[in-house]
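Participant: The structure file structure28.csv (CSV, C-alpha atoms) is provided below.
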chain,number,residue,atom,x,y,z
J,1,MET,CA,135.7,118.1,150.0
J,2,THR,CA,133.2,117.2,147.2
J,3,LYS,CA,132.9,119.9,144.5
J,4,ARG,CA,129.5,121.6,144.4
J,5,ARG,CA,127.7,121.2,141.1
J,6,SER,CA,127.3,124.3,138.9
J,7,ARG,CA,123.9,125.8,138.4
J,8,GLY,CA,122.1,123.9,135.6
J,9,ASP,CA,124.2,120.7,136.0
J,10,GLY,CA,121.0,118.9,137.3
J,11,GLY,CA,120.8,116.4,140.0
J,12,LEU,CA,120.2,112.8,141.1
J,13,HIS,CA,117.6,111.7,143.5
J,14,TRP,CA,115.6,108.6,144.6
J,15,ASP,CA,111.9,108.6,143.7
J,16,GLU,CA,110.2,106.6,146.5
J,17,LYS,CA,106.9,106.3,144.6
J,18,ARG,CA,108.5,104.9,141.4
J,19,GLN,CA,111.3,103.1,143.2
J,20,ARG,CA,113.8,104.4,140.7
J,21,TRP,CA,116.7,106.8,140.6
J,22,ILE,CA,116.0,110.0,138.6
J,23,ALA,CA,118.7,112.0,136.9
J,24,THR,CA,117.8,115.5,135.8
J,25,ALA,CA,119.5,118.3,133.9
J,26,SER,CA,118.3,121.9,133.3
J,27,LEU,CA,118.8,123.2,129.7
J,28,GLY,CA,117.7,126.8,130.1
J,29,TYR,CA,114.3,128.1,129.0
J,30,ASP,CA,112.0,127.7,126.0
J,31,PRO,CA,110.6,130.7,124.0
J,32,SER,CA,107.7,130.9,126.4
J,33,GLY,CA,109.9,131.2,129.4
J,34,LYS,CA,109.3,127.7,130.7
J,35,ARG,CA,112.4,125.9,132.1
J,36,LEU,CA,113.6,123.0,130.0
J,37,VAL,CA,114.4,120.0,132.2
J,38,LYS,CA,115.4,116.6,130.8
J,39,ARG,CA,115.2,113.4,132.9
J,40,GLY,CA,116.5,109.9,132.8
J,41,SER,CA,115.5,107.1,135.2
J,42,GLY,CA,116.9,103.7,136.2
J,43,LYS,CA,117.0,101.1,138.9
J,44,THR,CA,120.6,102.2,139.7
J,45,LYS,CA,122.4,105.6,139.7
J,46,THR,CA,124.5,104.6,136.8
J,47,GLU,CA,121.5,103.5,134.7
J,48,ALA,CA,119.7,106.7,135.4
J,49,LYS,CA,122.8,108.8,134.4
J,50,ASN,CA,123.2,106.8,131.2
J,51,LYS,CA,119.6,107.3,130.3
J,52,LEU,CA,119.9,111.0,130.9
J,53,LYS,CA,123.0,111.1,128.6
J,54,GLU,CA,121.0,109.5,125.8
J,55,VAL,CA,118.2,112.1,126.2
J,56,LEU,CA,120.7,114.9,126.2
J,57,ARG,CA,122.5,113.5,123.1
J,58,ASP,CA,119.1,113.3,121.3
J,59,PHE,CA,118.3,116.8,122.3
J,60,GLU,CA,121.6,118.1,120.9
J,61,ASP,CA,120.9,116.2,117.7
J,62,GLY,CA,117.6,118.1,117.4
J,63,VAL,CA,115.4,115.1,118.2
J,64,ALA,CA,112.8,115.6,120.8
J,65,ILE,CA,112.3,112.0,122.0
J,66,ALA,CA,108.7,110.9,122.6
J,67,PRO,CA,107.6,109.8,126.1
J,68,SER,CA,108.9,106.4,126.9
J,69,ASN,CA,105.4,104.9,126.9
J,70,TYR,CA,104.7,105.9,123.2
J,71,THR,CA,104.1,102.6,121.5
J,72,VAL,CA,103.7,101.2,117.9
J,73,LYS,CA,100.0,101.1,118.5
J,74,ASP,CA,100.0,104.9,119.2
J,75,ALA,CA,101.9,105.5,116.0
J,76,VAL,CA,99.5,103.3,113.9
J,77,ASP,CA,96.4,104.9,115.5
J,78,ASP,CA,97.8,108.4,114.8
J,79,TRP,CA,98.5,107.6,111.2
J,80,LEU,CA,95.1,106.0,110.6
J,81,LEU,CA,93.3,109.0,112.3
J,82,PHE,CA,95.3,111.9,110.9
J,83,GLY,CA,97.6,110.6,108.1
J,84,LEU,CA,94.7,109.4,105.9
J,85,ALA,CA,92.5,112.5,106.3
J,86,GLY,CA,90.4,113.1,103.2
J,87,ARG,CA,90.7,109.6,101.8
J,88,ASP,CA,87.6,107.7,100.7
J,89,LYS,CA,86.0,105.2,103.0
J,90,ALA,CA,87.2,102.1,101.1
J,91,THR,CA,90.8,103.3,101.5
J,92,LEU,CA,90.3,104.0,105.2
J,93,ASP,CA,88.7,100.6,105.8
J,94,PHE,CA,91.6,98.8,103.9
J,95,TRP,CA,94.4,100.4,105.9
J,96,SER,CA,92.5,100.2,109.2
J,97,SER,CA,92.0,96.5,108.6
J,98,LEU,CA,95.7,95.9,107.9
J,99,GLY,CA,96.8,98.0,110.9
J,100,ARG,CA,94.3,96.7,113.5
J,101,VAL,CA,94.2,93.1,112.4
J,102,HIS,CA,97.9,92.4,111.6
J,103,VAL,CA,100.1,95.2,113.0
J,104,VAL,CA,98.7,96.2,116.3
J,105,PRO,CA,98.1,92.7,117.8
J,106,SER,CA,101.7,91.6,117.1
J,107,LEU,CA,103.7,94.8,117.6
J,108,GLY,CA,101.3,97.3,119.2
J,109,ALA,CA,102.6,97.0,122.7
J,110,GLN,CA,106.2,97.5,121.7
J,111,LYS,CA,107.6,100.9,122.7
J,112,LEU,CA,108.4,102.7,119.5
J,113,ARG,CA,111.8,104.0,120.6
J,114,ASP,CA,112.8,100.3,121.4
J,115,LEU,CA,111.5,98.9,118.1
J,116,ARG,CA,114.4,97.2,116.2
J,117,ALA,CA,114.7,95.8,112.7
J,118,GLU,CA,115.0,92.3,114.0
J,119,HIS,CA,111.6,92.6,115.6
J,120,VAL,CA,110.1,93.6,112.3
J,121,ASP,CA,112.0,90.8,110.4
J,122,LYS,CA,110.7,88.2,112.8
J,123,TRP,CA,107.1,89.6,112.6
J,124,LEU,CA,107.1,89.6,108.8
J,125,ALA,CA,108.6,86.0,108.7
J,126,GLU,CA,105.8,84.8,111.0
J,127,LYS,CA,103.1,86.6,108.9
J,128,ALA,CA,104.6,85.1,105.7
J,129,LYS,CA,103.3,81.7,106.8
J,130,THR,CA,99.7,82.7,106.4
J,131,LEU,CA,99.6,85.9,104.2
J,132,SER,CA,100.2,86.4,100.5
J,133,THR,CA,103.2,88.5,99.3
J,134,ARG,CA,100.8,91.3,98.4
J,135,SER,CA,99.3,91.3,101.9
J,136,LEU,CA,102.8,91.3,103.4
J,137,ARG,CA,103.7,94.4,101.3
J,138,GLY,CA,100.5,96.0,102.6
J,139,ILE,CA,101.2,95.5,106.3
J,140,HIS,CA,104.8,96.5,105.9
J,141,GLU,CA,103.7,99.7,104.2
J,142,CYS,CA,101.1,100.4,106.9
J,143,LEU,CA,103.8,100.1,109.6
J,144,ASN,CA,106.3,102.0,107.5
J,145,ARG,CA,104.0,105.0,107.0
J,146,SER,CA,103.0,105.0,110.6
J,147,VAL,CA,106.6,105.1,111.9
J,148,LYS,CA,107.6,107.6,109.2
J,149,ARG,CA,104.9,110.0,110.4
J,150,ALA,CA,106.0,109.5,114.0
J,151,MET,CA,109.6,110.2,113.0
J,152,ALA,CA,108.5,113.5,111.3
J,153,ARG,CA,106.9,114.5,114.6
J,154,ASP,CA,110.0,113.7,116.7
J,155,LYS,CA,108.5,110.6,118.3
J,156,VAL,CA,111.5,108.4,117.3
J,157,LYS,CA,115.0,109.0,115.9
J,158,ARG,CA,114.8,106.8,112.8
J,159,ASN,CA,112.5,104.5,110.8
J,160,VAL,CA,113.9,101.0,111.1
J,161,ILE,CA,111.0,99.7,108.9
J,162,GLU,CA,112.7,101.0,105.8
J,163,LEU,CA,115.7,98.7,106.6
J,164,CYS,CA,113.5,95.6,106.5
J,165,SER,CA,112.7,93.8,103.2
J,166,VAL,CA,109.4,92.0,102.6
J,167,PRO,CA,109.7,88.2,102.4
J,168,ALA,CA,107.8,86.0,99.9
J,169,GLY,CA,104.4,85.0,101.3
J,170,ARG,CA,102.0,82.3,100.4
J,171,ALA,CA,100.7,82.2,96.8
J,172,GLY,CA,97.5,84.3,96.5
J,173,ARG,CA,94.2,82.9,95.4
J,174,PRO,CA,94.2,82.8,91.6
J,175,SER,CA,91.3,84.5,89.9
J,176,LYS,CA,89.0,82.1,88.0
J,177,ALA,CA,86.7,82.3,85.0
J,178,LEU,CA,83.4,80.6,84.3
J,179,THR,CA,83.2,78.2,81.4
J,180,LEU,CA,80.4,78.8,78.9
J,181,ALA,CA,78.3,76.0,80.5
J,182,GLN,CA,78.9,77.4,84.0
J,183,ALA,CA,78.1,81.0,82.9
J,184,GLU,CA,74.8,79.8,81.4
J,185,GLY,CA,74.1,78.0,84.7
J,186,VAL,CA,74.7,81.2,86.6
J,187,LEU,CA,72.3,83.2,84.3
J,188,ARG,CA,69.6,80.6,84.8
J,189,ALA,CA,70.0,80.5,88.6
J,190,ALA,CA,70.0,84.3,88.8
J,191,ALA,CA,66.7,84.6,86.9
J,192,ASP,CA,64.8,84.0,90.1
J,193,THR,CA,66.7,86.5,92.2
J,194,THR,CA,66.4,90.3,92.7
J,195,MET,CA,70.0,90.6,91.3
J,196,HIS,CA,69.1,89.0,88.0
J,197,ALA,CA,69.7,92.2,85.9
J,198,TYR,CA,72.9,92.9,87.7
J,199,VAL,CA,74.4,89.5,87.1
J,200,VAL,CA,73.4,89.5,83.4
J,201,VAL,CA,74.8,93.0,82.8
J,202,ALA,CA,78.0,92.3,84.7
J,203,LEU,CA,78.7,89.0,82.9
J,204,LEU,CA,77.7,90.1,79.4
J,205,THR,CA,79.5,93.6,79.5
J,206,GLY,CA,82.5,93.0,81.7
J,207,ALA,CA,81.9,96.2,83.7
J,208,ARG,CA,83.5,96.4,87.1
J,209,THR,CA,81.3,96.0,90.2
J,210,GLU,CA,82.4,99.5,91.3
J,211,GLU,CA,81.2,100.8,88.0
J,212,LEU,CA,77.8,99.1,88.0
J,213,ARG,CA,76.8,99.9,91.6
J,214,PRO,CA,76.6,103.7,91.0
J,215,LEU,CA,75.2,103.4,87.4
J,216,THR,CA,72.1,105.6,87.0
J,217,TRP,CA,69.2,105.3,84.5
J,218,ASP,CA,70.3,108.6,82.8
J,219,HIS,CA,73.4,106.7,81.6
J,220,VAL,CA,71.4,103.8,80.2
J,221,PHE,CA,70.0,104.0,76.7
J,222,LEU,CA,67.9,101.0,75.9
J,223,ARG,CA,66.7,102.2,72.6
J,224,GLY,CA,69.9,103.6,71.3
J,225,ASP,CA,69.5,105.9,68.3
J,226,PRO,CA,68.4,103.9,65.3
J,227,ASP,CA,67.9,107.0,63.1
J,228,ALA,CA,71.5,108.1,63.5
J,229,SER,CA,74.0,107.5,60.7
J,230,PRO,CA,75.3,105.0,61.4
J,231,PRO,CA,72.6,103.7,63.8
J,232,VAL,CA,73.6,103.7,67.5
J,233,PRO,CA,72.7,100.5,69.3
J,234,PRO,CA,71.5,100.3,72.9
J,235,TYR,CA,74.3,101.1,75.3
J,236,ILE,CA,75.4,102.2,78.8
J,237,ALA,CA,77.8,105.0,79.5
J,238,VAL,CA,80.3,103.9,82.1
J,239,TRP,CA,81.4,107.3,83.4
J,240,ARG,CA,81.4,106.9,87.2
J,241,SER,CA,82.5,104.5,89.9
J,242,VAL,CA,82.3,104.3,93.7
J,243,ARG,CA,85.9,105.6,94.0
J,244,ALA,CA,86.8,108.9,95.6
J,245,GLY,CA,85.2,111.7,93.6
J,246,GLY,CA,83.2,109.3,91.4
J,247,GLU,CA,86.1,108.8,89.0
J,248,THR,CA,86.7,105.6,87.1
J,249,LYS,CA,89.8,103.5,87.8
J,250,THR,CA,91.7,104.9,84.8
J,251,ARG,CA,91.0,107.4,82.0
J,252,LYS,CA,90.4,104.6,79.5
J,253,SER,CA,87.9,103.1,82.0
J,254,ARG,CA,85.5,105.9,81.0
J,255,ARG,CA,83.8,104.3,78.1
J,256,THR,CA,80.5,103.6,76.3
J,257,ILE,CA,79.5,99.9,76.0
J,258,ALA,CA,77.0,98.5,73.5
J,259,LEU,CA,74.4,96.2,75.2
J,260,PRO,CA,73.7,92.7,74.0
J,261,GLN,CA,70.0,92.1,73.4
J,262,ARG,CA,69.8,89.9,76.4
J,263,CYS,CA,70.9,92.8,78.6
J,264,VAL,CA,68.4,95.1,76.9
J,265,ASP,CA,65.5,92.7,77.6
J,266,VAL,CA,66.5,92.2,81.2
J,267,LEU,CA,67.0,95.9,81.9
J,268,TRP,CA,63.5,96.7,80.5
J,269,GLN,CA,62.0,94.1,82.9
J,270,HIS,CA,64.2,95.4,85.7
J,271,TRP,CA,63.0,99.0,85.1
J,272,GLU,CA,59.4,97.8,85.4
J,273,ASP,CA,60.2,95.7,88.6
J,274,GLN,CA,61.9,98.7,90.2
J,275,GLY,CA,58.7,100.7,89.7
J,276,TRP,CA,56.9,98.1,91.8
J,277,ASP,CA,59.6,98.2,94.4
J,278,ARG,CA,59.3,102.0,94.6
J,279,LEU,CA,55.5,101.6,95.1
J,280,ALA,CA,55.9,99.0,97.8
J,281,ALA,CA,58.6,101.0,99.7
J,282,GLY,CA,56.4,104.1,99.8
J,283,ASP,CA,57.8,106.9,102.0
J,284,LYS,CA,60.9,104.7,102.7
J,285,TRP,CA,62.1,104.9,99.1
J,286,GLU,CA,65.1,107.1,98.5
J,287,GLU,CA,65.2,108.3,94.9
J,288,ASN,CA,68.8,108.3,93.6
J,289,GLY,CA,68.1,107.3,90.0
J,290,LEU,CA,70.2,104.1,90.5
J,291,VAL,CA,69.8,101.2,88.1
J,292,PHE,CA,70.8,98.6,90.7
J,293,ALA,CA,69.5,99.6,94.1
J,294,SER,CA,68.3,98.1,97.4
J,295,ALA,CA,64.6,97.6,98.2
J,296,VAL,CA,64.4,101.2,99.3
J,297,GLY,CA,66.5,102.8,96.5
J,298,LYS,CA,69.9,103.0,98.3
J,299,GLU,CA,73.2,102.1,96.6
J,300,LEU,CA,74.3,98.5,96.9
J,301,ASP,CA,77.5,97.8,98.8
J,302,SER,CA,80.0,95.2,97.8
J,303,SER,CA,78.7,92.6,100.4
J,304,ASN,CA,75.2,92.8,98.8
J,305,VAL,CA,76.6,92.0,95.4
J,306,ARG,CA,78.9,89.3,96.6
J,307,ARG,CA,76.1,87.6,98.5
J,308,ALA,CA,73.7,87.7,95.6
J,309,PHE,CA,76.4,86.4,93.1
J,310,ARG,CA,77.2,83.5,95.4
J,311,GLN,CA,73.5,82.7,95.7
J,312,SER,CA,73.4,82.5,91.9
J,313,LEU,CA,76.3,80.0,91.9
J,314,LYS,CA,74.8,77.8,94.6
J,315,ASP,CA,73.2,75.2,92.3
J,316,VAL,CA,75.7,75.4,89.3
J,317,ASP,CA,77.4,72.1,88.7
J,318,GLY,CA,81.1,72.0,89.4
J,319,VAL,CA,81.2,75.3,91.2
J,320,ASP,CA,81.9,76.0,94.9
J,321,ALA,CA,80.0,79.3,95.4
J,322,ALA,CA,82.1,80.2,98.5
J,323,GLU,CA,85.3,80.4,96.3
J,324,TRP,CA,83.9,82.9,93.8
J,325,THR,CA,83.7,86.7,93.9
J,326,PRO,CA,81.7,89.1,91.6
J,327,ARG,CA,84.9,90.4,89.9
J,328,GLU,CA,85.3,87.0,88.4
J,329,MET,CA,82.3,87.7,86.2
J,330,ARG,CA,84.6,90.3,84.5
J,331,HIS,CA,87.3,87.7,84.2
J,332,SER,CA,84.7,85.3,82.7
J,333,PHE,CA,83.7,88.0,80.2
J,334,VAL,CA,87.3,88.4,79.0
J,335,SER,CA,87.9,84.6,78.8
J,336,LEU,CA,84.6,83.9,76.9
J,337,LEU,CA,85.4,86.5,74.3
J,338,SER,CA,89.0,85.3,73.9
J,339,ASP,CA,87.8,81.7,73.6
J,340,ASN,CA,85.6,82.8,70.7
J,341,GLY,CA,88.3,84.5,68.8
J,342,VAL,CA,87.8,88.2,69.7
J,343,PRO,CA,91.2,90.0,69.4
J,344,ILE,CA,92.9,90.8,72.7
J,345,GLU,CA,93.1,94.5,71.7
J,346,GLU,CA,89.4,94.7,71.3
J,347,ILE,CA,88.8,93.0,74.6
J,348,SER,CA,91.1,95.4,76.3
J,349,ARG,CA,89.1,98.3,75.0
J,350,LEU,CA,85.8,96.8,76.1
J,351,VAL,CA,87.0,96.3,79.7
J,352,GLY,CA,88.6,99.7,79.9
J,353,HIS,CA,92.2,98.7,80.2
J,354,SER,CA,95.0,101.2,79.3
J,355,GLY,CA,96.8,98.4,77.3
J,356,THR,CA,96.7,94.7,76.5
J,357,ALA,CA,99.3,93.6,79.1
J,358,ILE,CA,96.9,93.4,82.1
J,359,THR,CA,94.1,91.8,79.9
J,360,GLU,CA,96.6,89.2,78.7
J,361,LYS,CA,98.3,88.5,82.0
J,362,VAL,CA,95.6,88.7,84.6
J,363,TYR,CA,92.2,88.4,83.0
J,364,ARG,CA,92.3,86.0,80.2
J,365,LYS,CA,92.0,82.5,81.7
J,366,GLN,CA,91.0,80.5,78.6
J,367,ILE,CA,93.5,80.8,75.8
J,368,ARG,CA,92.6,79.4,72.5
J,369,PRO,CA,94.6,76.1,72.3
J,370,VAL,CA,96.2,76.9,68.9
J,371,ILE,CA,96.8,80.3,67.3
J,372,GLN,CA,96.6,79.4,63.7
J,373,THR,CA,97.1,82.8,62.0
J,374,GLY,CA,100.8,82.5,61.5
J,375,ALA,CA,100.8,79.0,60.2
J,376,VAL,CA,98.0,79.7,57.7
J,377,ALA,CA,99.8,82.8,56.4
J,378,MET,CA,103.1,81.0,56.1
J,379,ASP,CA,101.5,78.1,54.2
J,380,GLY,CA,100.2,80.7,51.8
J,381,ILE,CA,103.6,82.4,51.4
J,382,PHE,CA,105.8,79.3,51.1
J,383,LYS,CA,103.6,77.1,49.1
J,384,ILE,CA,104.6,73.4,49.4
J,385,THR,CA,105.0,71.6,46.1
J,386,GLN,CA,103.3,68.3,46.3
J,387,GLU,CA,105.3,65.3,45.2
J,388,PRO,CA,103.7,63.7,42.1
What would you get if you wrote out this structure as C-alpha cells?
Facilitator:
Amino acid sequence: MTKRRSRGDGGLHWDEKRQRWIATASLGYDPSGKRLVKRGSGKTKTEAKNKLKEVLRDFEDGVAIAPSNYTVKDAVDDWLLFGLAGRDKATLDFWSSLGRVHVVPSLGAQKLRDLRAEHVDKWLAEKAKTLSTRSLRGIHECLNRSVKRAMARDKVKRNVIELCSVPAGRAGRPSKALTLAQAEGVLRAAADTTMHAYVVVALLTGARTEELRPLTWDHVFLRGDPDASPPVPPYIAVWRSVRAGGETKTRKSRRTIALPQRCVDVLWQHWEDQGWDRLAAGDKWEENGLVFASAVGKELDSSNVRRAFRQSLKDVDGVDAAEWTPREMRHSFVSLLSDNGVPIEEISRLVGHSGTAITEKVYRKQIRPVIQTGAVAMDGIFKITQEP
C-alpha cells in the first residue's frame, strides 16, 4: 500500500492548460498569514520534481528567486528607471544609450536566472569587433550594475557579470588639433555665421563646450579694471558648467581667463547682435542672461554647437568637417600654445587641469620638434675648448 504524504509535503499534478507537470510544496505561512507555496514545472514528473528541489534549495539559502520570465531587459530597464534616480540628464542619456542600443538587443530576451558567464563572454567578444575598449567597459558596467541591483532584490542568485573580463576593442578615434593655418581658416569661415563669437572664444581661450554654453554676461568683463594695481585685463569667469548642480568638471576648472583682444572685439559685436535678436524675437525671447544663446534666448545644446562648428570647417582646406568635434578646439588651443613655446604647466592652468599629465598625454598634439633648454644649458656649463 502506498504511503500517504504528510501534510505540507506538497503534490504533483498535470496542468492541462500548460501541458506540464506541476510539483508543489507548502512551506507554512508568511507574517501576513498567507500560505507559502513553492512550485516547479516540467514536461515530465522528474523534471518538475527537480525544478521544485532547486526552488526549495534557493528558499533555504535565503534567496527568493524571481519569476522564470524575468529577463535581462527587465533588469536593465529597472536599473535605468530606478537605479539612476537623481542623476543629470546627460548621465541618464549616456547609460540609456548603452543599455538600449548594445545590451538589450543582444541579451535582453535571455532569462536572468539562466544567464551564464559564457553568454556574456561571447557577447563582449562580438562587440569588440566594432566598439572601442572604452565603450566595451561602458556596456559591461551597464550590465554589471543592472544585474547587481537585481541580485540585491532577490531576482537572481549571483552576478556572473563580475566573473567576465573586458576584452580589448578597436582603437578609439584619436583626438586631433588644428594647425595654425587651419585655425585661421576656421575663424574666417565662422565670421559669417551666428556662432562666430562662440568659435572665436572657444578656440582662443580653450574653455570646454560645457563651460561656454551656460556662460552668462555677468561673468564676462570686457573692460577689465584698468585702474586697479596692477591693471586687470578683460576676462571671463569660468565658474559654471552644464554638469549636475552647475559645477565645473574639477575644482581647478573653476578659473578666471584673460581674453585676447580678438575675443573682446567679437564679444562686443556679439552683445550688440544679441540685442537685435532679442528685438526680433519679441515675446518669444526667454531672458536667461546667456552669452551664447539660441535665436529666442535659450541655452544651446551640444548638437547646436557641433553643427555650427562643422559648418565653419566646411570650406577649410585639408579638413573633413564630419570628422571633427567642438572639443577639438580645446585640443587646438593647447597644441598652438605648446607649439609657440608656452610651458606645459602654464597651459595646464589655462585649461583647468589638476596637473600636467592629462595636458601632456591627451591634449598636446603638436610637440615642439627639439627641446633645446638642456642642450643650451649644458653647453654653458661644460664650455668646449676650441682647437687652435
Participant: If you measure from atom CA of J:Arg330 to atom CA of J:Asn288, what distance in Å do you get, rounded to one decimal?
Facilitator: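 Taking atom CA of J:Arg330 and atom CA of J:Asn288, their separation equals 25.6 Å.
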Participant: Mind checking which residues fall within 8 Å of stretch 160-173 of chain J, counting all atoms listed in the file, ignoring those fewer than 3 positions away in the same chain, and posting them as a PDB file with C-alpha atoms, in the frame of the given file?
Facilitator:
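Result file around-v7.pdb:
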ATOM      1  CA  LEU J 115     111.500  98.900 118.100  1.00  0.00           C
ATOM      2  CA  ARG J 116     114.400  97.200 116.200  1.00  0.00           C
ATOM      3  CA  ALA J 117     114.700  95.800 112.700  1.00  0.00           C
ATOM      4  CA  VAL J 120     110.100  93.600 112.300  1.00  0.00           C
ATOM      5  CA  ASP J 121     112.000  90.800 110.400  1.00  0.00           C
ATOM      6  CA  LEU J 124     107.100  89.600 108.800  1.00  0.00           C
ATOM      7  CA  ALA J 125     108.600  86.000 108.700  1.00  0.00           C
ATOM      8  CA  LYS J 127     103.100  86.600 108.900  1.00  0.00           C
ATOM      9  CA  ALA J 128     104.600  85.100 105.700  1.00  0.00           C
ATOM     10  CA  LYS J 129     103.300  81.700 106.800  1.00  0.00           C
ATOM     11  CA  THR J 130      99.700  82.700 106.400  1.00  0.00           C
ATOM     12  CA  LEU J 131      99.600  85.900 104.200  1.00  0.00           C
ATOM     13  CA  SER J 132     100.200  86.400 100.500  1.00  0.00           C
ATOM     14  CA  THR J 133     103.200  88.500  99.300  1.00  0.00           C
ATOM     15  CA  ARG J 134     100.800  91.300  98.400  1.00  0.00           C
ATOM     16  CA  LEU J 136     102.800  91.300 103.400  1.00  0.00           C
ATOM     17  CA  ARG J 137     103.700  94.400 101.300  1.00  0.00           C
ATOM     18  CA  HIS J 140     104.800  96.500 105.900  1.00  0.00           C
ATOM     19  CA  LEU J 143     103.800 100.100 109.600  1.00  0.00           C
ATOM     20  CA  ASN J 144     106.300 102.000 107.500  1.00  0.00           C
ATOM     21  CA  VAL J 147     106.600 105.100 111.900  1.00  0.00           C
TER      22      VAL J 147
END
Participant: Please compute the atom CA of J:Arg223-atom CA of J:Val291 distance, one decimal, in Å.
Facilitator: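 Computing it gives 15.8 Å between the two atoms.
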Participant: What are the closest atom pairs, with distances in Å to one decimal, for each residue of stretch 197-280 of chain J lying within 10 Å of stretch 302-305 of chain J, using all atoms listed in the file, rows by chain and rising residue number, as a tab-separated table?
Facilitator:
residue	atom	partner	partner_atom	distance
J:Tyr198	CA	J:Val305	CA	8.6
J:Val199	CA	J:Val305	CA	8.9
J:Thr209	CA	J:Ser302	CA	7.8
J:Glu210	CA	J:Ser302	CA	8.2
J:Arg213	CA	J:Ser302	CA	8.4
Participant: Nearest to J:Val55: which of J:Thr24, J:Ser294, J:Thr194, J:Asn69 is it, counting all atoms listed in the file?
Facilitator: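 Ranked by minimum distance to J:Val55, first place goes to J:Thr24.
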Participant: Produce a table with one row for each residue of stretch 117-212 of chain J that has an atom at most 12 Å from any atom of stretch 320-326 of chain J, each row naming the nearest atom pair and its distance in Å at one decimal; use only C-alpha atoms; arrange rows by chain and rising residue number; format as CSV.
Facilitator:
residue,atom,partner,partner_atom,distance
J:Arg173,CA,J:Glu323,CA,9.3
J:Pro174,CA,J:Glu323,CA,10.3
J:Ser175,CA,J:Trp324,CA,8.5
J:Lys176,CA,J:Trp324,CA,7.8
J:Ala177,CA,J:Trp324,CA,9.3
J:Leu178,CA,J:Trp324,CA,9.8
J:Gln182,CA,J:Asp320,CA,11.4
J:Val186,CA,J:Ala321,CA,10.4
J:Met195,CA,J:Pro326,CA,11.8
J:Tyr198,CA,J:Pro326,CA,10.3
J:Val199,CA,J:Pro326,CA,8.6
J:Val200,CA,J:Pro326,CA,11.7
J:Val201,CA,J:Pro326,CA,11.8
J:Ala202,CA,J:Pro326,CA,8.5
J:Leu203,CA,J:Pro326,CA,9.2
J:Gly206,CA,J:Pro326,CA,10.7
J:Ala207,CA,J:Pro326,CA,10.6
J:Arg208,CA,J:Pro326,CA,8.8
J:Thr209,CA,J:Pro326,CA,7.1
J:Glu210,CA,J:Pro326,CA,10.4
J:Leu212,CA,J:Pro326,CA,11.3
Participant: Which residue out of J:Cys142, J:Thr46, J:Thr91, J:Tyr29 has the minimum interatomic distance to J:Val72 when all atoms listed in the file are used?
Facilitator: J:Cys142
Participant: Report, in Å with one decimal, the straight-line distance from atom CA of J:Gly83 to atom CA of J:His119.
Facilitator: 24.0 Å
Participant: Write out as a ChimeraX atom specification which residues come within 9 Å of stretch 96-101 of chain J when counting all atoms listed in the file, dropping same-chain ones fewer than 3 positions away.
Facilitator: /J:73,76-77,80,91-93,104-106,135,138-139,142-143
Participant: Between J:Asp317, J:Asp283, J:Glu47, J:Asp301, which is the closest to J:Trp21 once you count all atoms listed in the file?
Facilitator: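 The answer is J:Glu47, which sits nearest to J:Trp21.
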Participant: Which is closest to J:Gly224 among J:Thr193, J:Thr205, J:Gln261, J:Ser312, if we use only C-alpha atoms?
Facilitator: J:Gln261
Participant: Give as a list in words each residue that has an atom at most 10 Å from (114.1, 109.5, 135.0) in the file, counting all atoms listed in the file.
Facilitator: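 Output of the proximity query reads Leu12, His13, Trp14, Asp15, Arg18, Arg20, Trp21, Ile22, Ala23, Thr24, Lys38, Arg39, Gly40, Ser41, Gly42, Lys43, Glu47, Ala48, Lys49, Lys51 and Leu52 of chain J.
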Participant: How would you write as number ranges by chain the residues that get within 9 Å of (68.6, 97.2, 76.1) in the file's frame, counting all atoms listed in the file?
Facilitator: J: 220-224, 233-236, 258-268
Participant: Would you save the residues from that selection as a PDB file, in the coordinates of the input, using C-alpha atoms?
Facilitator:
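Saved to out-v4.pdb:
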ATOM      1  CA  VAL J 220      71.400 103.800  80.200  1.00  0.00           C
ATOM      2  CA  PHE J 221      70.000 104.000  76.700  1.00  0.00           C
ATOM      3  CA  LEU J 222      67.900 101.000  75.900  1.00  0.00           C
ATOM      4  CA  ARG J 223      66.700 102.200  72.600  1.00  0.00           C
ATOM      5  CA  GLY J 224      69.900 103.600  71.300  1.00  0.00           C
ATOM      6  CA  PRO J 233      72.700 100.500  69.300  1.00  0.00           C
ATOM      7  CA  PRO J 234      71.500 100.300  72.900  1.00  0.00           C
ATOM      8  CA  TYR J 235      74.300 101.100  75.300  1.00  0.00           C
ATOM      9  CA  ILE J 236      75.400 102.200  78.800  1.00  0.00           C
ATOM     10  CA  ALA J 258      77.000  98.500  73.500  1.00  0.00           C
ATOM     11  CA  LEU J 259      74.400  96.200  75.200  1.00  0.00           C
ATOM     12  CA  PRO J 260      73.700  92.700  74.000  1.00  0.00           C
ATOM     13  CA  GLN J 261      70.000  92.100  73.400  1.00  0.00           C
ATOM     14  CA  ARG J 262      69.800  89.900  76.400  1.00  0.00           C
ATOM     15  CA  CYS J 263      70.900  92.800  78.600  1.00  0.00           C
ATOM     16  CA  VAL J 264      68.400  95.100  76.900  1.00  0.00           C
ATOM     17  CA  ASP J 265      65.500  92.700  77.600  1.00  0.00           C
ATOM     18  CA  VAL J 266      66.500  92.200  81.200  1.00  0.00           C
ATOM     19  CA  LEU J 267      67.000  95.900  81.900  1.00  0.00           C
ATOM     20  CA  TRP J 268      63.500  96.700  80.500  1.00  0.00           C
TER      21      TRP J 268
END
Participant: As a PDB file, in the frame of the given file, could you write out stretch 10-14 of chain J once it has been completed with N, CA and C atoms?
Facilitator:
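Generated output (rebuild-v3.pdb):
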ATOM      1  N   GLY J  10     122.055 119.929 137.006  1.00  0.00           N
ATOM      2  CA  GLY J  10     121.000 118.900 137.300  1.00  0.00           C
ATOM      3  C   GLY J  10     121.314 118.239 138.606  1.00  0.00           C
ATOM      4  N   GLY J  11     120.633 117.093 138.792  1.00  0.00           N
ATOM      5  CA  GLY J  11     120.800 116.400 140.000  1.00  0.00           C
ATOM      6  C   GLY J  11     120.432 114.922 139.910  1.00  0.00           C
ATOM      7  N   LEU J  12     120.533 114.207 141.021  1.00  0.00           N
ATOM      8  CA  LEU J  12     120.200 112.800 141.100  1.00  0.00           C
ATOM      9  C   LEU J  12     119.535 112.511 142.384  1.00  0.00           C
ATOM     10  N   HIS J  13     118.324 111.947 142.302  1.00  0.00           N
ATOM     11  CA  HIS J  13     117.600 111.700 143.500  1.00  0.00           C
ATOM     12  C   HIS J  13     116.791 110.389 143.409  1.00  0.00           C
ATOM     13  N   TRP J  14     116.423 109.859 144.547  1.00  0.00           N
ATOM     14  CA  TRP J  14     115.600 108.600 144.600  1.00  0.00           C
ATOM     15  C   TRP J  14     114.159 108.973 144.665  1.00  0.00           C
TER      16      TRP J  14
END
